[in-house]
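Q: File start-v5.pdb follows (PDB, C-alpha atoms, pLDDT in the B column):
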```pdb
ATOM      1  CA  MET X  70     -14.053  21.364 -27.715  1.00 41.00           C
ATOM      2  CA  GLY X  71     -14.112  18.603 -25.116  1.00 46.00           C
ATOM      3  CA  ARG X  72     -12.641  18.868 -21.671  1.00 48.00           C
ATOM      4  CA  TYR X  73     -10.128  16.404 -20.394  1.00 43.00           C
ATOM      5  CA  TYR X  74     -10.010  15.587 -16.717  1.00 44.00           C
ATOM      6  CA  TYR X  75      -7.061  13.947 -15.058  1.00 47.00           C
ATOM      7  CA  HIS X  76      -8.429  10.960 -13.204  1.00 52.00           C
ATOM      8  CA  ARG X  77      -6.127   9.632 -10.523  1.00 64.00           C
ATOM      9  CA  LYS X  78      -6.699   6.204  -9.067  1.00 72.00           C
ATOM     10  CA  ALA X  79      -7.172   5.935  -5.338  1.00 76.00           C
ATOM     11  CA  THR X  80      -4.038   4.584  -3.695  1.00 76.00           C
ATOM     12  CA  ALA X  81      -3.523   1.876  -1.130  1.00 76.00           C
ATOM     13  CA  ASP X  82      -1.671   4.419   1.025  1.00 75.00           C
ATOM     14  CA  GLU X  83      -4.760   6.594   1.512  1.00 76.00           C
ATOM     15  CA  SER X  84      -7.091   3.657   2.185  1.00 80.00           C
ATOM     16  CA  CYS X  85      -7.930   2.139   5.534  1.00 81.00           C
ATOM     17  CA  ARG X  86      -5.881  -1.074   5.839  1.00 85.00           C
ATOM     18  CA  LEU X  87      -6.361  -4.208   7.879  1.00 87.00           C
ATOM     19  CA  LYS X  88      -3.206  -6.350   7.784  1.00 89.00           C
ATOM     20  CA  MET X  89      -2.937  -9.976   8.798  1.00 90.00           C
ATOM     21  CA  SER X  90       0.626  -9.365   9.999  1.00 89.00           C
ATOM     22  CA  ASP X  91      -0.652  -6.769  12.496  1.00 87.00           C
ATOM     23  CA  LEU X  92      -3.231  -9.227  13.836  1.00 87.00           C
ATOM     24  CA  LYS X  93      -0.532 -11.853  14.293  1.00 88.00           C
ATOM     25  CA  LYS X  94       1.813  -9.385  15.980  1.00 89.00           C
ATOM     26  CA  ASP X  95      -0.939  -8.360  18.437  1.00 86.00           C
ATOM     27  CA  GLY X  96      -1.743 -12.001  19.293  1.00 86.00           C
ATOM     28  CA  MET X  97      -5.238 -11.993  17.792  1.00 84.00           C
ATOM     29  CA  LEU X  98      -4.768 -15.293  15.943  1.00 83.00           C
ATOM     30  CA  SER X  99      -5.039 -17.558  18.968  1.00 84.00           C
ATOM     31  CA  GLY X 100      -8.508 -18.774  19.926  1.00 80.00           C
ATOM     32  CA  CYS X 101     -11.379 -16.293  20.022  1.00 83.00           C
ATOM     33  CA  VAL X 102     -10.076 -12.743  20.557  1.00 83.00           C
ATOM     34  CA  SER X 103     -11.714  -9.351  20.105  1.00 82.00           C
ATOM     35  CA  GLY X 104     -10.355  -5.818  19.989  1.00 81.00           C
ATOM     36  CA  THR X 105     -10.345  -2.602  18.009  1.00 80.00           C
ATOM     37  CA  ARG X 106      -8.210  -1.102  15.287  1.00 77.00           C
ATOM     38  CA  VAL X 107      -7.755   2.633  14.797  1.00 78.00           C
ATOM     39  CA  TRP X 108      -6.775   3.984  11.399  1.00 72.00           C
ATOM     40  CA  THR X 109      -5.044   7.349  11.044  1.00 67.00           C
ATOM     41  CA  SER X 110      -4.998   9.108   7.685  1.00 62.00           C
ATOM     42  CA  SER X 111      -1.513   9.364   6.166  1.00 60.00           C
ATOM     43  CA  ARG X 112      -2.385  12.699   4.515  1.00 59.00           C
ATOM     44  CA  THR X 113      -4.191  14.557   7.303  1.00 60.00           C
ATOM     45  CA  GLY X 114      -2.988  12.731  10.414  1.00 62.00           C
ATOM     46  CA  LYS X 115      -6.553  12.530  11.759  1.00 61.00           C
ATOM     47  CA  THR X 116      -8.119   9.385  13.175  1.00 64.00           C
ATOM     48  CA  THR X 117     -10.927   8.530  10.792  1.00 62.00           C
ATOM     49  CA  ASN X 118     -11.991   4.914  11.297  1.00 67.00           C
ATOM     50  CA  ILE X 119     -12.337   2.798  14.408  1.00 74.00           C
ATOM     51  CA  ILE X 120     -12.949  -0.829  13.545  1.00 78.00           C
ATOM     52  CA  GLY X 121     -14.283  -3.382  16.012  1.00 80.00           C
ATOM     53  CA  LEU X 122     -12.700  -6.733  15.294  1.00 79.00           C
ATOM     54  CA  ALA X 123     -13.417 -10.222  16.610  1.00 81.00           C
ATOM     55  CA  VAL X 124     -11.234 -13.078  15.370  1.00 82.00           C
ATOM     56  CA  ASP X 125     -12.194 -16.715  15.884  1.00 80.00           C
ATOM     57  CA  VAL X 126      -9.750 -19.367  14.677  1.00 80.00           C
ATOM     58  CA  THR X 127     -11.133 -22.315  16.661  1.00 82.00           C
ATOM     59  CA  ASN X 128     -13.889 -23.920  14.555  1.00 82.00           C
ATOM     60  CA  GLU X 129     -14.452 -22.113  11.280  1.00 86.00           C
ATOM     61  CA  PRO X 130     -11.782 -19.376  11.079  1.00 88.00           C
ATOM     62  CA  HIS X 131     -13.271 -15.942  10.435  1.00 87.00           C
ATOM     63  CA  ALA X 132     -12.939 -12.288  11.425  1.00 88.00           C
ATOM     64  CA  LYS X 133     -16.006 -10.228  12.280  1.00 89.00           C
ATOM     65  CA  LEU X 134     -15.723  -6.545  11.315  1.00 87.00           C
ATOM     66  CA  THR X 135     -17.864  -3.859  12.937  1.00 87.00           C
ATOM     67  CA  TYR X 136     -17.554  -0.191  11.942  1.00 85.00           C
ATOM     68  CA  THR X 137     -19.507   2.938  11.012  1.00 84.00           C
ATOM     69  CA  VAL X 138     -19.225   4.840   7.734  1.00 80.00           C
ATOM     70  CA  THR X 139     -20.319   8.472   7.397  1.00 79.00           C
ATOM     71  CA  ASP X 140     -21.296   9.611   3.904  1.00 77.00           C
ATOM     72  CA  LYS X 141     -20.948  13.121   2.421  1.00 79.00           C
ATOM     73  CA  GLN X 142     -24.356  14.204   3.733  1.00 83.00           C
ATOM     74  CA  GLY X 143     -23.415  13.216   7.306  1.00 81.00           C
ATOM     75  CA  ASN X 144     -25.578  10.073   7.460  1.00 84.00           C
ATOM     76  CA  LYS X 145     -24.010   7.279   9.498  1.00 85.00           C
ATOM     77  CA  THR X 146     -24.407   3.639   8.529  1.00 85.00           C
ATOM     78  CA  ASP X 147     -23.278   0.710  10.673  1.00 86.00           C
ATOM     79  CA  TYR X 148     -21.667  -2.322   9.044  1.00 87.00           C
ATOM     80  CA  ASP X 149     -21.265  -5.715  10.671  1.00 88.00           C
ATOM     81  CA  TYR X 150     -20.108  -8.715   8.617  1.00 88.00           C
ATOM     82  CA  GLU X 151     -17.693 -11.629   8.637  1.00 89.00           C
ATOM     83  CA  VAL X 152     -14.587 -12.184   6.516  1.00 90.00           C
ATOM     84  CA  SER X 153     -13.349 -15.740   6.133  1.00 90.00           C
ATOM     85  CA  LEU X 154      -9.812 -16.649   7.163  1.00 91.00           C
ATOM     86  CA  LEU X 155      -7.925 -19.086   4.968  1.00 91.00           C
ATOM     87  CA  THR X 156      -4.896 -21.138   6.013  1.00 90.00           C
ATOM     88  CA  THR X 157      -1.826 -22.530   4.326  1.00 93.00           C
ATOM     89  CA  PRO X 158       0.537 -25.003   5.980  1.00 93.00           C
ATOM     90  CA  CYS X 159       4.005 -23.805   6.982  1.00 90.00           C
ATOM     91  CA  TYR X 160       7.080 -25.849   6.116  1.00 90.00           C
ATOM     92  CA  TYR X 161       8.141 -26.433   9.733  1.00 89.00           C
ATOM     93  CA  GLY X 162       4.603 -27.015  11.058  1.00 87.00           C
ATOM     94  CA  GLY X 163       1.700 -24.785  11.974  1.00 88.00           C
ATOM     95  CA  VAL X 164      -0.396 -22.711   9.610  1.00 90.00           C
ATOM     96  CA  ARG X 165      -0.325 -19.224   8.132  1.00 91.00           C
ATOM     97  CA  TYR X 166      -3.557 -17.234   8.095  1.00 91.00           C
ATOM     98  CA  TRP X 167      -4.849 -15.139   5.199  1.00 93.00           C
ATOM     99  CA  PHE X 168      -7.977 -13.086   4.602  1.00 93.00           C
ATOM    100  CA  GLY X 169     -10.406 -14.332   1.980  1.00 93.00           C
ATOM    101  CA  CYS X 170     -11.588 -11.314  -0.019  1.00 92.00           C
ATOM    102  CA  PRO X 171     -15.354 -10.936   0.608  1.00 90.00           C
ATOM    103  CA  HIS X 172     -15.854  -9.825  -2.991  1.00 91.00           C
ATOM    104  CA  CYS X 173     -13.768 -12.218  -5.107  1.00 91.00           C
ATOM    105  CA  GLY X 174     -12.562 -14.867  -2.626  1.00 88.00           C
ATOM    106  CA  ARG X 175      -8.862 -14.251  -3.386  1.00 91.00           C
ATOM    107  CA  ARG X 176      -6.365 -15.172  -0.644  1.00 94.00           C
ATOM    108  CA  ILE X 177      -4.775 -11.907   0.541  1.00 93.00           C
ATOM    109  CA  GLY X 178      -2.755 -10.526   3.430  1.00 92.00           C
ATOM    110  CA  THR X 179      -4.310  -7.037   3.556  1.00 92.00           C
ATOM    111  CA  LEU X 180      -7.885  -5.793   3.273  1.00 91.00           C
ATOM    112  CA  TYR X 181      -8.544  -2.209   2.138  1.00 89.00           C
ATOM    113  CA  LEU X 182     -11.447   0.157   2.733  1.00 85.00           C
ATOM    114  CA  ALA X 183     -11.042   2.533  -0.209  1.00 83.00           C
ATOM    115  CA  PRO X 184     -12.072   6.199   0.074  1.00 80.00           C
ATOM    116  CA  GLY X 185     -15.770   6.449  -0.719  1.00 78.00           C
ATOM    117  CA  ASP X 186     -16.348   2.692  -0.380  1.00 82.00           C
ATOM    118  CA  VAL X 187     -18.190   0.930   2.418  1.00 84.00           C
ATOM    119  CA  TYR X 188     -16.820  -2.651   2.395  1.00 88.00           C
ATOM    120  CA  PHE X 189     -13.338  -4.016   2.953  1.00 89.00           C
ATOM    121  CA  LYS X 190     -12.012  -5.737  -0.186  1.00 91.00           C
ATOM    122  CA  CYS X 191      -8.675  -6.678  -1.721  1.00 91.00           C
ATOM    123  CA  ARG X 192      -6.567  -4.151  -3.619  1.00 89.00           C
ATOM    124  CA  HIS X 193      -7.645  -5.557  -6.993  1.00 89.00           C
ATOM    125  CA  CYS X 194     -11.376  -5.385  -6.269  1.00 89.00           C
ATOM    126  CA  ASN X 195     -10.995  -1.799  -4.995  1.00 86.00           C
ATOM    127  CA  ASN X 196      -8.934  -0.918  -8.112  1.00 83.00           C
ATOM    128  CA  LEU X 197      -6.217   0.656  -5.951  1.00 85.00           C
ATOM    129  CA  SER X 198      -2.791   1.708  -7.117  1.00 77.00           C
ATOM    130  CA  TYR X 199       0.337   2.626  -5.177  1.00 74.00           C
ATOM    131  CA  ARG X 200       1.451   6.233  -4.715  1.00 72.00           C
ATOM    132  CA  SER X 201       4.868   5.414  -6.169  1.00 69.00           C
ATOM    133  CA  ARG X 202       3.255   4.357  -9.478  1.00 69.00           C
ATOM    134  CA  SER X 203       1.592   7.732 -10.048  1.00 68.00           C
ATOM    135  CA  ARG X 204       4.649   9.964  -9.623  1.00 69.00           C
ATOM    136  CA  SER X 205       5.340  12.560 -12.269  1.00 69.00           C
ATOM    137  CA  GLY X 206       8.711  12.658 -14.005  1.00 69.00           C
ATOM    138  CA  ILE X 207      10.056  15.435 -11.771  1.00 71.00           C
ATOM    139  CA  GLU X 208       8.870  13.684  -8.577  1.00 75.00           C
ATOM    140  CA  LEU X 209      10.500  10.467  -9.754  1.00 78.00           C
ATOM    141  CA  TRP X 210      13.695  12.361 -10.589  1.00 79.00           C
ATOM    142  CA  GLY X 211      13.790  13.797  -7.053  1.00 81.00           C
ATOM    143  CA  HIS X 212      13.086  10.390  -5.524  1.00 82.00           C
ATOM    144  CA  ILE X 213      15.908   8.777  -7.494  1.00 86.00           C
ATOM    145  CA  GLY X 214      18.217  11.640  -6.477  1.00 86.00           C
ATOM    146  CA  ARG X 215      17.483  10.949  -2.795  1.00 88.00           C
ATOM    147  CA  GLN X 216      18.133   7.240  -3.352  1.00 89.00           C
ATOM    148  CA  ILE X 217      21.475   8.036  -4.999  1.00 89.00           C
ATOM    149  CA  GLU X 218      22.594  10.236  -2.093  1.00 90.00           C
ATOM    150  CA  SER X 219      21.553   7.604   0.439  1.00 91.00           C
ATOM    151  CA  LEU X 220      23.310   4.808  -1.450  1.00 91.00           C
ATOM    152  CA  ARG X 221      26.533   6.805  -1.856  1.00 89.00           C
ATOM    153  CA  GLY X 222      26.754   7.112   1.927  1.00 88.00           C
ATOM    154  CA  GLN X 223      26.289   3.348   2.359  1.00 89.00           C
ATOM    155  CA  ILE X 224      28.996   2.196  -0.063  1.00 87.00           C
ATOM    156  CA  LYS X 225      32.211   1.302   1.749  1.00 88.00           C
ATOM    157  CA  ARG X 226      33.795  -0.788  -0.958  1.00 87.00           C
ATOM    158  CA  TRP X 227      33.298  -0.063  -4.662  1.00 88.00           C
ATOM    159  CA  THR X 228      34.904  -3.170  -6.142  1.00 87.00           C
ATOM    160  CA  TRP X 229      35.586  -6.722  -5.088  1.00 87.00           C
ATOM    161  CA  ARG X 230      38.023  -8.801  -7.127  1.00 89.00           C
ATOM    162  CA  SER X 231      38.073  -6.102  -9.799  1.00 89.00           C
ATOM    163  CA  ARG X 232      34.256  -6.187 -10.182  1.00 91.00           C
ATOM    164  CA  PRO X 233      31.801  -3.571  -8.935  1.00 89.00           C
ATOM    165  CA  THR X 234      29.923  -4.562  -5.778  1.00 91.00           C
ATOM    166  CA  ARG X 235      26.151  -4.968  -5.741  1.00 91.00           C
ATOM    167  CA  LYS X 236      25.624  -1.499  -4.230  1.00 90.00           C
ATOM    168  CA  ALA X 237      27.994   0.058  -6.771  1.00 91.00           C
ATOM    169  CA  ARG X 238      26.034  -1.569  -9.622  1.00 92.00           C
ATOM    170  CA  ARG X 239      22.764  -0.349  -8.097  1.00 91.00           C
ATOM    171  CA  LEU X 240      24.202   3.175  -7.881  1.00 91.00           C
ATOM    172  CA  GLN X 241      25.263   3.043 -11.554  1.00 91.00           C
ATOM    173  CA  THR X 242      21.756   1.948 -12.553  1.00 92.00           C
ATOM    174  CA  LEU X 243      20.157   4.777 -10.561  1.00 91.00           C
ATOM    175  CA  GLU X 244      22.556   7.331 -12.063  1.00 90.00           C
ATOM    176  CA  ARG X 245      21.629   6.137 -15.574  1.00 90.00           C
ATOM    177  CA  LYS X 246      17.924   6.502 -14.732  1.00 87.00           C
ATOM    178  CA  ALA X 247      18.510   9.981 -13.304  1.00 87.00           C
ATOM    179  CA  GLY X 248      20.389  10.963 -16.455  1.00 86.00           C
ATOM    180  CA  ILE X 249      17.551   9.768 -18.688  1.00 85.00           C
ATOM    181  CA  LEU X 250      14.903  11.526 -16.594  1.00 81.00           C
ATOM    182  CA  GLY X 251      17.022  14.695 -16.521  1.00 81.00           C
ATOM    183  CA  SER X 252      17.375  14.746 -20.300  1.00 83.00           C
ATOM    184  CA  GLN X 253      13.611  14.183 -20.678  1.00 79.00           C
ATOM    185  CA  ALA X 254      12.917  17.080 -18.311  1.00 76.00           C
ATOM    186  CA  ILE X 255      15.260  19.372 -20.292  1.00 80.00           C
ATOM    187  CA  THR X 256      13.529  18.356 -23.530  1.00 82.00           C
ATOM    188  CA  GLN X 257      10.119  19.176 -22.050  1.00 77.00           C
ATOM    189  CA  LEU X 258      11.370  22.559 -20.807  1.00 78.00           C
ATOM    190  CA  ASP X 259      12.748  23.351 -24.262  1.00 82.00           C
ATOM    191  CA  ARG X 260       9.368  22.514 -25.811  1.00 82.00           C
ATOM    192  CA  LEU X 261       7.614  24.807 -23.340  1.00 79.00           C
ATOM    193  CA  ARG X 262      10.064  27.630 -24.054  1.00 84.00           C
ATOM    194  CA  ALA X 263       9.499  27.225 -27.786  1.00 86.00           C
ATOM    195  CA  LYS X 264       5.735  27.584 -27.314  1.00 80.00           C
ATOM    196  CA  PHE X 265       6.050  30.823 -25.425  1.00 76.00           C
TER     197      PHE X 265
END
```
With the file now loaded, output its structure as C-alpha cells.

A:
Amino acid sequence: MGRYYYHRKATADESCRLKMSDLKKDGMLSGCVSGTRVWTSSRTGKTTNIIGLAVDVTNEPHAKLTYTVTDKQGNKTDYDYEVSLLTTPCYYGGVRYWFGCPHCGRRIGTLYLAPGDVYFKCRHCNNLSYRSRSRSGIELWGHIGRQIESLRGQIKRWTWRSRPTRKARRLQTLERKAGILGSQAITQLDRLRAKF
C-alpha cells in the first residue's frame, strides 16, 4: 500500500521579502544609495538574513544584492548580483519603479527568497502561495468568526433608505459562509463518529 504525504507549498509569509515600497519609503530611489535590509522570521522571530543593497537609478536603474546563504551542512555561500529596475510613468508626472524578476523578467513589486532557495525571484517563479489559501476548514471557520465579531462592532447603521448598508451586507455574507462551514464540520464529525 502506498504512502501519501501532505505536501504544503512554501508561503510568501515565511519567505524573505524585498519590497519596492519599503525602498521608496526609506528614500533609496533617489540617485545612488546603499544600505542594508534585515529580515526577521515571522514564525520564529529570529533575524535570519541581512541583505546588503545598493540602488542606482541614475543611468541604468538596477539594485545590487549582496547576502550570504548557509545550507543545511553549515556551508556559507556569498551571493552578489544585480536586479534590473523597470519604470512606468505616473499620471501626474514622475515614474514608478518596479523590480524585474531575474528569472522570468516579469515586472513585480516584491522579490522573495524562498526557504531553501538561494536567489531572489518573483512569487510565481518561487511557486509560493499565501498562508490564507492553505487554511483548513476549521481554521477558516475560526477566521470568519473573528471577522464577524469585528464587523459587528463596527456597524453603526444597519440600513439606509430601507436597504442594508455595505457593512451589513458583508456581515450577512460572512454569516452565510460560517453557516456553510459549520454544517460541513458537523457532517465530517458525524462521519468520524460513524467510523468509530

Q: Hey, can you check how far atom CA of Leu155 of chain X sits from atom CA of His131 of chain X?

A: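 Between atom CA of Leu155 of chain X and atom CA of His131 of chain X the gap works out to 8.3 Å.
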
Q: Pick from X:Gln216, X:Gln142, X:Ser103, X:Thr80: nearest to Glu244 of chain X, with only C-alpha atoms counted?

A: X:Gln216

Q: So which one's closest to Val126 of chain X, X:Tyr160, X:Lys94, X:Tyr166, X:Thr234? Using all atoms listed in the file, please.

A: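 Once distances to Val126 of chain X are computed over all atoms listed in the file, the minimum belongs to X:Tyr166.
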
Q: Between atom CA of Lys145 of chain X and atom CA of Pro130 of chain X, what is the distance, to one decimal in Å?

A: 29.4 Å

Q: Which is closer to Ala132 of chain X than all the others in X:Gly211, X:Gly104, X:Gly185, X:Gly251, using only C-alpha atoms?

A: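 Smallest distance to Ala132 of chain X is found for X:Gly104.
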
Q: Taking the file as shown, what set of residues would the PyMOL selection byres ((chain X and resi 127) around 12) give back, as a VMD selection string?

A: chain X and resid 97 to 102 124 to 126 128 to 132 154

Q: Evaluated on this file, the PyMOL selection byres ((chain X and resi 180) around 8) picks out some residues - which ones are they, written as a PyMOL selection string?

A: chain X and resi 86-88+168+170+177-179+181-182+189-192
